[in-house]
$ cat coords_21.cif   # mmCIF, C-alpha atoms
data_entry
#
loop_
_atom_site.label_atom_id
_atom_site.label_comp_id
_atom_site.auth_asym_id
_atom_site.auth_seq_id
_atom_site.Cartn_x
_atom_site.Cartn_y
_atom_site.Cartn_z
CA MET A 266 58.00 42.42 180.58
CA PRO A 267 59.01 44.24 177.35
CA ARG A 268 56.96 43.49 174.28
CA MET A 269 58.17 40.77 171.93
CA ASP A 270 59.11 42.47 168.67
CA LYS A 271 62.09 40.43 167.57
CA LYS A 272 62.05 39.63 163.86
CA SER A 273 60.98 36.06 164.45
CA LEU A 274 57.80 37.26 166.15
CA ALA A 275 57.07 39.83 163.49
CA LEU A 276 57.55 37.14 160.86
CA LEU A 277 56.22 34.09 162.67
CA CYS A 278 53.46 35.24 164.98
CA ALA A 279 51.50 32.16 163.96
CA LEU A 280 54.19 29.95 165.45
CA SER A 281 53.07 30.78 169.00
CA LEU A 282 56.25 32.38 170.30
CA PRO A 283 55.63 32.86 174.05
CA VAL A 284 54.97 36.49 174.91
CA THR A 285 55.09 36.55 178.69
CA LEU A 286 56.97 35.28 181.65
CA GLN A 287 54.42 36.53 184.11
CA VAL A 288 53.48 33.94 186.70
CA GLN A 289 49.88 32.73 186.78
CA SER A 290 48.02 31.64 189.85
CA ALA A 291 49.19 28.68 191.87
CA SER A 292 46.41 26.56 190.40
CA GLU A 293 47.58 27.29 186.87
CA GLU A 294 51.34 27.11 187.27
CA LYS A 295 53.51 24.73 189.23
CA VAL A 296 55.79 26.76 191.50
CA ILE A 297 59.37 25.72 191.12
CA THR A 298 60.78 23.52 193.85
CA ASP A 299 64.18 22.10 194.62
CA ASP A 300 63.24 19.17 192.42
CA LEU A 301 63.56 20.84 189.04
CA SER A 302 63.38 17.52 187.23
CA SER A 303 59.61 17.41 187.71
CA THR A 304 57.67 19.25 185.01
CA SER A 305 54.10 20.14 184.28
CA SER A 306 51.93 18.65 181.57
CA TYR A 307 53.00 21.54 179.30
CA VAL A 308 56.12 19.66 178.22
CA ASN A 309 54.59 16.21 177.83
CA ASN A 310 54.78 15.07 174.20
CA ASN A 311 55.56 18.58 173.00
CA VAL A 312 57.97 19.95 170.45
CA LEU A 313 60.96 19.35 172.70
CA GLN A 314 60.35 15.61 172.67
CA LEU A 315 59.34 15.02 169.05
CA ALA A 316 61.82 14.76 166.20
CA ALA A 317 61.35 17.03 163.20
CA GLU A 318 59.28 15.32 160.54
CA MET A 319 60.92 14.59 157.23
CA ASN A 320 59.04 16.46 154.50
CA SER A 321 59.37 16.35 150.72
CA LEU A 322 58.34 20.03 150.54
CA VAL A 323 60.77 21.12 153.26
CA GLU A 324 62.55 23.60 150.97
CA GLU A 325 59.37 25.68 150.86
CA SER A 326 59.33 26.10 154.66
CA VAL A 327 59.99 29.25 156.63
CA PHE A 328 63.72 29.65 157.28
CA LEU A 329 65.23 32.24 159.60
CA ASP A 330 69.01 31.92 159.30
CA ILE A 331 71.72 30.58 157.06
CA GLU A 332 75.40 30.04 157.72
CA TYR A 333 78.34 28.53 155.87
CA PHE A 334 81.86 27.29 156.42
CA GLN A 335 84.01 27.07 153.31
CA LYS A 336 81.41 25.68 150.87
CA ARG A 337 79.15 23.81 153.32
CA GLN A 338 75.86 25.58 154.05
CA ILE A 339 73.13 25.16 156.68
CA MET A 340 69.64 26.72 156.83
CA VAL A 341 67.44 26.60 159.94
CA GLY A 342 63.77 27.37 160.43
CA GLU A 343 60.33 26.41 161.68
CA TYR A 344 59.28 23.01 163.08
CA GLY A 345 62.90 22.01 163.67
CA ARG A 346 63.61 21.91 159.95
CA ILE A 347 67.28 22.17 159.04
CA LEU A 348 68.73 21.83 155.54
CA VAL A 349 72.37 21.19 154.70
CA ARG A 350 74.38 20.95 151.49
CA SER A 351 78.06 20.59 150.69
CA SER A 352 78.24 23.39 148.09
CA THR A 353 76.11 25.95 146.32
CA ASP A 354 75.73 23.58 143.37
CA SER A 355 74.65 20.54 145.38
CA ALA A 356 71.14 19.59 146.51
CA TRP A 357 69.76 20.43 149.93
CA VAL A 358 69.34 17.50 152.31
CA GLN A 359 67.01 17.62 155.31
CA ALA A 360 68.86 16.97 158.55
CA HIS A 361 67.76 14.70 161.38
CA VAL A 362 66.74 17.01 164.24
CA PRO A 363 65.45 15.79 167.64
CA VAL A 364 62.97 18.65 168.19
CA GLN A 365 60.08 20.33 166.37
CA THR A 366 60.56 23.78 167.82
CA THR A 367 61.50 26.73 165.62
CA ILE A 368 65.26 27.07 165.10
CA THR A 369 66.31 30.72 164.81
CA ALA A 370 70.10 30.85 164.37
CA VAL A 371 73.11 28.69 163.49
CA ASP A 372 76.89 29.12 163.79
CA PHE A 373 79.71 27.01 162.31
CA ILE A 374 82.92 26.23 164.19
CA ASP A 375 84.49 24.15 161.41
CA ASP A 376 83.30 21.97 158.54
CA LYS A 377 81.97 19.37 160.98
CA VAL A 378 80.85 21.19 164.13
CA ALA A 379 78.05 23.73 164.26
CA TRP A 380 75.62 25.02 166.87
CA ALA A 381 71.98 26.09 166.53
CA VAL A 382 69.46 27.67 168.91
CA GLY A 383 65.74 28.27 168.95
CA HIS A 384 62.46 28.50 170.80
CA GLN A 385 61.77 26.75 174.11
CA GLY A 386 65.36 27.36 175.18
CA VAL A 387 66.78 24.82 172.72
CA ILE A 388 70.48 24.47 171.92
CA LEU A 389 71.51 21.92 169.27
CA LYS A 390 74.88 20.64 168.09
CA THR A 391 76.10 18.74 165.03
CA THR A 392 79.45 17.02 164.62
CA ASP A 393 78.96 15.72 161.07
CA GLY A 394 78.55 18.95 159.14
CA GLY A 395 74.85 19.37 159.83
CA HIS A 396 73.26 16.06 158.81
CA ASN A 397 72.51 14.88 162.35
CA TRP A 398 71.85 17.03 165.41
CA ILE A 399 71.66 16.36 169.12
CA LYS A 400 69.87 18.43 171.75
CA VAL A 401 72.38 19.51 174.37
CA PHE A 402 70.14 21.95 176.23
CA ASP A 403 66.52 23.08 176.50
CA GLY A 404 64.18 25.23 178.53
CA LEU A 405 63.82 22.71 181.34
CA GLN A 406 67.53 22.98 182.10
CA LEU A 407 67.34 26.74 181.61
CA THR A 408 64.89 26.98 184.50
CA GLY A 409 67.54 25.50 186.78
CA LEU A 410 70.15 27.97 185.55
CA LEU A 411 67.76 30.87 186.13
CA LYS A 412 67.19 29.70 189.70
CA THR A 413 70.90 29.29 190.43
CA SER A 414 71.79 32.64 188.86
CA LEU A 415 69.09 34.50 190.81
CA GLU A 416 70.20 32.89 194.08
CA GLN A 417 73.79 33.96 193.39
CA GLN A 418 72.68 37.47 192.50
CA ILE A 419 70.62 37.75 195.70
CA THR A 420 73.57 36.61 197.81
CA LEU A 421 75.88 39.16 196.12
CA LEU A 422 73.40 42.05 196.31
CA THR A 423 72.53 41.28 199.93
CA ALA A 424 76.19 41.42 200.91
CA GLN A 425 76.70 44.65 198.96
CA PHE A 426 73.63 46.27 200.49
CA GLU A 427 74.55 45.30 204.03
CA ARG A 428 78.13 46.58 203.63
CA ALA A 429 76.96 49.79 202.00
CA GLU A 430 74.33 50.40 204.65
CA ALA A 431 76.87 49.87 207.44
CA ASP A 432 79.92 51.55 205.94
CA GLY A 433 78.59 53.89 203.26
CA PHE A 434 80.80 52.32 200.57
CA ILE A 435 80.33 49.96 197.61
CA ASP A 436 83.49 48.40 196.19
CA GLY A 437 85.56 51.20 197.77
CA ASP A 438 83.41 54.04 196.41
CA SER A 439 81.29 56.24 198.66
CA ILE A 440 77.57 55.82 198.17
CA ASP A 441 74.69 58.28 198.54
CA GLU A 442 71.10 57.56 199.47
CA ASP A 443 69.97 57.35 195.83
CA ALA A 444 72.61 54.70 195.08
CA LEU A 445 71.61 52.78 198.20
CA ASP A 446 67.96 52.90 197.12
CA GLU A 447 68.94 51.62 193.68
CA LEU A 448 70.85 48.73 195.22
CA GLU A 449 67.84 47.88 197.38
CA MET A 450 65.57 47.95 194.31
CA GLN A 451 67.89 45.56 192.49
CA LEU A 452 67.81 43.21 195.46
CA ASP A 453 64.01 43.37 195.73
CA ASP A 454 63.70 42.73 191.99
CA ALA A 455 65.93 39.64 192.16
CA ILE A 456 63.96 38.28 195.13
CA TYR A 457 60.69 38.89 193.27
CA LYS A 458 61.95 37.09 190.16
CA LEU A 459 63.08 34.09 192.21
CA GLU A 460 59.77 33.87 194.07
CA ASP A 461 57.83 33.98 190.81
CA LEU A 462 60.04 31.51 188.94
CA THR A 463 58.07 28.52 187.65
CA ALA A 464 59.06 25.12 186.36
CA ASN A 465 58.20 26.23 182.82
CA ALA A 466 59.99 29.58 182.95
CA GLY A 467 62.88 28.36 180.80
CA ILE A 468 60.58 26.87 178.18
CA GLU A 469 59.00 30.28 177.69
CA ILE A 470 62.33 31.77 176.59
CA SER A 471 63.39 31.78 172.95
CA PHE A 472 67.01 32.07 171.85
CA PHE A 473 67.77 34.38 168.92
CA ASP A 474 71.48 34.06 168.22
CA VAL A 475 74.54 31.93 168.97
CA ARG A 476 78.24 32.66 168.46
CA PHE A 477 81.32 30.59 169.30
CA THR A 478 84.50 32.66 169.30
CA THR A 479 86.61 29.53 169.89
CA PRO A 480 85.68 25.84 169.89
CA ASP A 481 85.35 26.10 173.68
CA TYR A 482 83.83 29.53 174.27
CA GLY A 483 80.30 30.33 173.13
CA LEU A 484 77.45 32.74 173.82
CA VAL A 485 73.71 32.37 173.34
CA VAL A 486 71.28 35.32 173.59
CA GLY A 487 67.53 35.64 173.46
CA ALA A 488 64.24 36.89 174.85
CA TYR A 489 63.85 38.74 178.15
CA GLY A 490 67.58 39.41 178.40
CA ALA A 491 68.58 35.75 178.30
CA MET A 492 72.33 35.22 177.91
CA LEU A 493 74.15 31.91 178.35
CA GLU A 494 77.87 31.26 178.33
CA THR A 495 79.93 28.10 177.91
CA LYS A 496 83.67 27.78 178.45
CA ASP A 497 83.95 24.04 177.81
CA ALA A 498 82.55 23.50 174.31
CA GLY A 499 78.95 23.29 175.49
CA ASN A 500 79.44 20.58 178.09
CA SER A 501 78.13 23.04 180.69
CA TRP A 502 76.35 26.39 180.50
CA GLN A 503 76.06 29.35 182.85
CA TYR A 504 73.29 31.95 182.83
CA ILE A 505 74.88 35.43 182.80
CA GLY A 506 71.85 37.51 181.81
CA TYR A 507 71.76 39.15 185.24
CA GLN A 508 75.43 40.12 185.05
CA VAL A 509 75.19 42.41 182.01
CA PRO A 510 73.95 46.03 181.71
CA ASN A 511 70.35 45.13 180.85
CA PRO A 512 68.31 45.69 184.03
CA GLU A 513 65.02 45.92 182.12
CA GLY A 514 65.52 42.48 180.62
CA PHE A 515 65.23 43.68 177.03
CA HIS A 516 65.44 41.04 174.31
CA LEU A 517 68.95 40.34 173.00
CA ASN A 518 68.82 39.74 169.26
CA ALA A 519 72.27 39.44 167.70
CA ILE A 520 75.97 38.84 168.40
CA THR A 521 79.09 39.67 166.42
CA THR A 522 82.84 40.00 166.98
CA ASP A 523 85.58 42.22 165.56
CA ALA A 524 89.24 41.75 164.73
CA ASP A 525 90.28 42.96 168.19
CA ASN A 526 88.41 40.13 169.92
CA ASN A 527 85.57 42.34 171.12
CA ILE A 528 82.11 40.78 171.36
CA TYR A 529 79.07 42.95 170.62
CA VAL A 530 75.42 42.27 171.42
CA VAL A 531 72.42 44.34 170.30
CA GLY A 532 68.74 44.07 171.07
CA GLU A 533 65.47 45.72 171.95
CA ALA A 534 65.10 49.42 172.84
CA GLY A 535 68.42 50.32 171.21
CA LEU A 536 70.30 48.11 173.65
CA ALA A 537 73.95 47.52 172.80
CA MET A 538 76.85 46.20 174.85
CA VAL A 539 80.44 45.07 174.41
CA THR A 540 83.01 42.93 176.17
CA SER A 541 86.58 41.92 175.43
CA ASN A 542 86.87 38.28 174.40
CA SER A 543 90.59 38.35 175.25
CA LYS A 544 89.90 38.69 178.98
CA GLN A 545 89.24 35.60 181.08
CA ASP A 546 86.77 37.44 183.31
CA LYS A 547 84.52 39.27 180.86
CA SER A 548 82.95 42.52 182.01
CA TRP A 549 80.14 43.83 179.81
CA ARG A 550 79.79 47.55 179.14
CA ALA A 551 76.73 49.35 177.75
CA LEU A 552 77.02 51.30 174.48
CA ASP A 553 74.89 54.37 173.75
CA ILE A 554 73.32 54.31 170.29
CA ASP A 555 70.71 56.93 171.28
CA TYR A 556 67.85 54.93 169.76
CA MET A 557 64.82 53.35 171.43
CA GLY A 558 63.75 50.90 168.73
CA SER A 559 64.80 47.28 168.31
CA LEU A 560 68.08 46.39 166.64
CA PHE A 561 67.99 43.06 164.81
CA GLY A 562 71.56 42.76 163.59
CA ILE A 563 75.12 44.03 163.85
CA ASP A 564 77.95 43.60 161.32
CA VAL A 565 81.63 44.53 161.20
CA ASN A 566 83.77 45.82 158.37
CA GLY A 567 87.31 46.47 159.53
CA PRO A 568 87.09 49.11 162.28
CA THR A 569 83.47 50.03 161.49
CA LEU A 570 80.34 48.61 163.11
CA TYR A 571 76.90 48.70 161.48
CA SER A 572 73.70 47.97 163.39
CA TYR A 573 70.19 47.94 161.91
CA GLY A 574 66.62 47.11 162.81
CA LEU A 575 63.07 48.44 162.93
CA ARG A 576 61.67 50.66 160.16
CA GLY A 577 64.95 50.89 158.26
CA ASN A 578 66.89 52.45 161.11
CA MET A 579 70.65 51.95 160.80
CA PHE A 580 73.68 53.24 162.70
CA ALA A 581 77.46 53.19 162.22
CA SER A 582 80.38 53.41 164.64
CA LYS A 583 84.01 53.90 163.69
CA ASP A 584 85.37 53.69 167.24
CA GLN A 585 84.25 50.26 168.47
CA GLY A 586 80.87 51.45 169.61
CA GLU A 587 81.89 54.51 171.61
CA THR A 588 79.97 56.88 169.32
CA TRP A 589 77.32 56.16 166.69
CA GLN A 590 76.11 57.99 163.59
CA TYR A 591 72.58 57.63 162.23
CA LEU A 592 72.46 56.55 158.58
CA ASP A 593 69.45 57.52 156.48
CA THR A 594 68.62 54.35 154.53
CA GLY A 595 65.69 55.94 152.73
CA VAL A 596 63.38 53.03 153.61
CA THR A 597 60.97 52.19 156.41
CA ASN A 598 61.10 48.40 155.99
CA HIS A 599 62.45 46.44 158.95
CA ILE A 600 66.01 45.31 158.22
CA PHE A 601 66.57 41.74 159.40
CA SER A 602 69.96 40.67 158.03
CA ALA A 603 73.01 41.80 156.06
CA ASP A 604 76.16 40.43 154.45
CA TRP A 605 79.07 41.82 152.49
CA LEU A 606 78.98 41.63 148.69
CA ASN A 607 82.61 42.70 148.67
CA SER A 608 84.98 44.72 150.84
CA THR A 609 82.93 47.91 150.51
CA GLU A 610 79.31 47.00 149.67
CA LEU A 611 76.85 45.72 152.26
CA LEU A 612 73.63 44.01 151.15
CA LEU A 613 70.78 44.50 153.61
CA VAL A 614 67.52 42.54 153.44
CA GLY A 615 64.27 42.60 155.32
CA ALA A 616 60.52 43.05 155.40
CA GLY A 617 58.52 43.29 152.20
CA GLY A 618 61.29 41.80 150.10
CA LEU A 619 63.73 44.59 150.94
CA LYS A 620 67.11 44.48 149.21
CA LEU A 621 69.31 47.47 149.90
CA VAL A 622 72.97 48.00 148.93
CA TYR A 623 75.15 50.38 150.97
CA ASN A 624 78.57 51.36 149.62
CA GLY A 625 79.71 53.36 152.64
CA GLU A 626 78.23 56.61 151.33
CA THR A 627 74.90 55.98 149.60
CA PHE A 628 72.07 53.46 149.67
CA THR A 629 70.66 51.86 146.54
CA ASN A 630 67.25 50.19 146.83
CA ILE A 631 67.20 47.18 144.48
CA SER A 632 64.03 45.63 145.86
CA ALA A 633 61.88 43.98 143.21
CA SER A 634 58.44 45.55 142.89
CA ASN A 635 56.81 42.13 142.40
CA GLN A 636 58.54 40.47 145.37
CA ARG A 637 56.99 41.46 148.70
CA ILE A 638 57.74 38.37 150.78
CA ASP A 639 59.83 39.08 153.87
CA ILE A 640 63.50 38.11 153.57
CA THR A 641 64.84 36.82 156.88
CA ALA A 642 68.55 36.23 156.20
CA VAL A 643 71.23 36.67 153.55
CA LYS A 644 74.65 35.12 152.98
CA VAL A 645 77.10 35.79 150.17
CA VAL A 646 78.91 32.55 149.33
CA ASP A 647 81.60 33.04 146.69
CA ASP A 648 79.74 34.62 143.74
CA ASN A 649 76.31 33.59 144.97
CA VAL A 650 73.74 35.51 147.02
CA LEU A 651 71.60 33.17 149.12
CA THR A 652 68.50 34.43 150.91
CA THR A 653 65.93 32.79 153.17
CA GLY A 654 62.40 33.79 153.96
CA LEU A 655 58.78 32.89 154.47
CA ARG A 656 58.65 30.73 151.35
CA GLY A 657 61.92 28.89 151.48
CA TRP A 658 65.14 30.08 149.88
CA GLN A 659 66.49 31.77 146.78
CA THR A 660 69.92 31.95 145.22
CA SER A 661 71.36 34.18 142.54
CA ARG A 662 74.68 35.32 141.18
CA LYS A 663 76.17 38.53 142.56
CA ASN A 664 76.37 39.99 139.05
CA GLU A 665 72.59 39.64 138.81
CA LEU A 666 72.04 42.23 141.53
CA VAL A 667 70.51 45.09 139.56
CA GLN A 668 67.97 47.83 140.07
CA GLY A 669 64.68 45.99 140.52
CA GLY A 670 66.02 43.07 142.52
CA LEU A 671 67.48 39.71 141.72
CA LYS A 672 66.83 38.55 138.17
#
$ encode --input "coords_21.cif" --output "structure tokens"
Amino acid sequence: MPRMDKKSLALLCALSLPVTLQVQSASEEKVITDDLSSTSSYVNNNVLQLAAEMNSLVEESVFLDIEYFQKRQIMVGEYGRILVRSSTDSAWVQAHVPVQTTITAVDFIDDKVAWAVGHQGVILKTTDGGHNWIKVFDGLQLTGLLKTSLEQQITLLTAQFERAEADGFIDGDSIDEDALDELEMQLDDAIYKLEDLTANAGIEISFFDVRFTTPDYGLVVGAYGAMLETKDAGNSWQYIGYQVPNPEGFHLNAITTDADNNIYVVGEAGLAMVTSNSKQDKSWRALDIDYMGSLFGIDVNGPTLYSYGLRGNMFASKDQGETWQYLDTGVTNHIFSADWLNSTELLLVGAGGLKLVYNGETFTNISASNQRIDITAVKVVDDNVLTTGLRGWQTSRKNELVQGGLK
């Protein structure tokens, strides 16, 4: 499996993010059976079954993402801790959360409904603006989806291989021996994955981002190429990670959309892909950024896409991802998050307290020399800049962004 270098691992290695899906011996792991409701002792009394503890010092916790709708704001982070407030001037209130696993991302639908995802395959939902959350999905259910998806893939690939071997065609196109060998390798890989699937496989997968493009349609992405889709407001989920151009199972780190209803996903090893949200049957297509490092985020400004990640690497596309230009940020800090200060200036934040402003032509490093704590996320809410990190959160006015960091 590819190494785990998503920002949440780099920042939170002490939080025991699983690093392998390799199957252990039969004596160590319970091989999955048709009865997926049975689980091993791994999940007994664990973070999936314990509610987040209320803590008077919760604002000093590690937080990984922040989102807002109108003036309402939500922060999510370690140990299932979620904070919510009604405006930038109001006090944070700790939400009631049914799990203690790390929550990595959150997405608003409206002022009442929001979704959050995290480690151990957790998906949470709130219908009261973030004060109370319910668990709608976790890694135990994910194991079942993995099994079903692999079985479907094996059936499809078997039929394709048998037709191609007999007729020399795949979907109407002639096929050579190399293509036939590739098809056989895909089939063998799917069979291997199904045989090695364990009851805890889903629990070992962390989700890194969630995005609902409508109240009904949502996507969740995460480790080892995990991608889930819902078309009915989260009442049911389908695993589509094997249907996208990611045969190596690289981690999927971030999702965004543009004004033309395209959905973009970026991840490990320079992976990027796009699909049209306007089509009922979505077909994902790989994008070539010509970069082999991890991409942690992707943002849109009109027709332009910006993606960023490890060691300050950043790329721009002005043609919906068809071609990409490398941008020299002048820094080697990992870039974890970004948001727009205005219509032309993008504020990027990241490792070592990085704060970097890009105006479309030049980068200005406004990192404070005395602030070296990693910044995990940034949101610009009205005239306020809100950041999260390893020691809680910070807010400042936009006009206080000066050389040397936030005043």
$ residues_around --input "coords_21.cif" --residues "A:Val643" --least-positions-apart "6" --cutoff "10 Å" --atoms "only C-alpha atoms" --output "ChimeraX atom specification"
/A:329-332,601-605,612-615,620,650-654,658-660
$ write_last_selection --input "coords_21.cif" --atoms "C-alpha atoms" --output "PDB file, in the coordinates of the input"
ATOM      1  CA  LEU A 329      65.230  32.240 159.600  1.00  0.00           C
ATOM      2  CA  ASP A 330      69.010  31.920 159.300  1.00  0.00           C
ATOM      3  CA  ILE A 331      71.720  30.580 157.060  1.00  0.00           C
ATOM      4  CA  GLU A 332      75.400  30.040 157.720  1.00  0.00           C
ATOM      5  CA  PHE A 601      66.570  41.740 159.400  1.00  0.00           C
ATOM      6  CA  SER A 602      69.960  40.670 158.030  1.00  0.00           C
ATOM      7  CA  ALA A 603      73.010  41.800 156.060  1.00  0.00           C
ATOM      8  CA  ASP A 604      76.160  40.430 154.450  1.00  0.00           C
ATOM      9  CA  TRP A 605      79.070  41.820 152.490  1.00  0.00           C
ATOM     10  CA  LEU A 612      73.630  44.010 151.150  1.00  0.00           C
ATOM     11  CA  LEU A 613      70.780  44.500 153.610  1.00  0.00           C
ATOM     12  CA  VAL A 614      67.520  42.540 153.440  1.00  0.00           C
ATOM     13  CA  GLY A 615      64.270  42.600 155.320  1.00  0.00           C
ATOM     14  CA  LYS A 620      67.110  44.480 149.210  1.00  0.00           C
ATOM     15  CA  VAL A 650      73.740  35.510 147.020  1.00  0.00           C
ATOM     16  CA  LEU A 651      71.600  33.170 149.120  1.00  0.00           C
ATOM     17  CA  THR A 652      68.500  34.430 150.910  1.00  0.00           C
ATOM     18  CA  THR A 653      65.930  32.790 153.170  1.00  0.00           C
ATOM     19  CA  GLY A 654      62.400  33.790 153.960  1.00  0.00           C
ATOM     20  CA  TRP A 658      65.140  30.080 149.880  1.00  0.00           C
ATOM     21  CA  GLN A 659      66.490  31.770 146.780  1.00  0.00           C
ATOM     22  CA  THR A 660      69.920  31.950 145.220  1.00  0.00           C
TER      23      THR A 660
END
$ residues_around --input "coords_21.cif" --residues "A:Phe334" --least-positions-apart "6" --cutoff "7 Å" --atoms "all atoms listed in the file" --output "PDB file with C-alpha atoms, in the frame of the given file"
ATOM      1  CA  PHE A 373      79.710  27.010 162.310  1.00  0.00           C
ATOM      2  CA  ASP A 375      84.490  24.150 161.410  1.00  0.00           C
ATOM      3  CA  ASP A 376      83.300  21.970 158.540  1.00  0.00           C
TER       4      ASP A 376
END
$ closest_residue --input "coords_21.cif" --among "A:Arg428, A:Lys583, A:Arg576, A:Arg550" --to "A:Leu619" --atoms "all atoms listed in the file"
A:Arg576
$ closest_residue --input "coords_21.cif" --among "A:Gln365, A:Leu322, A:Phe328, A:Leu484" --to "A:Asp639" --atoms "only C-alpha atoms"
A:Phe328
$ resolve_selection --input "coords_21.cif" --expression "the PyMOL selection byres ((chain A and resi 500) around 12)" --output "count of residues only"
19
$ closest_residue --input "coords_21.cif" --among "A:Tyr623, A:Tyr344, A:Phe561, A:Tyr591" --to "A:Asp474" --atoms "all atoms listed in the file"
A:Phe561
$ closest_residue --input "coords_21.cif" --among "A:Gly567, A:Asn542, A:Glu460, A:Leu621" --to "A:Met579" --atoms "all atoms listed in the file"
A:Leu621
$ axis_aligned_box --input "coords_21.cif" --around "stretch 561-574 of chain A" --padding-each-side "8 Å" --output "AutoDock Vina command-line options"
--center_x 77.0 --center_y 46.4 --center_z 161.6 --size_x 36.7 --size_y 23.3 --size_z 22.4
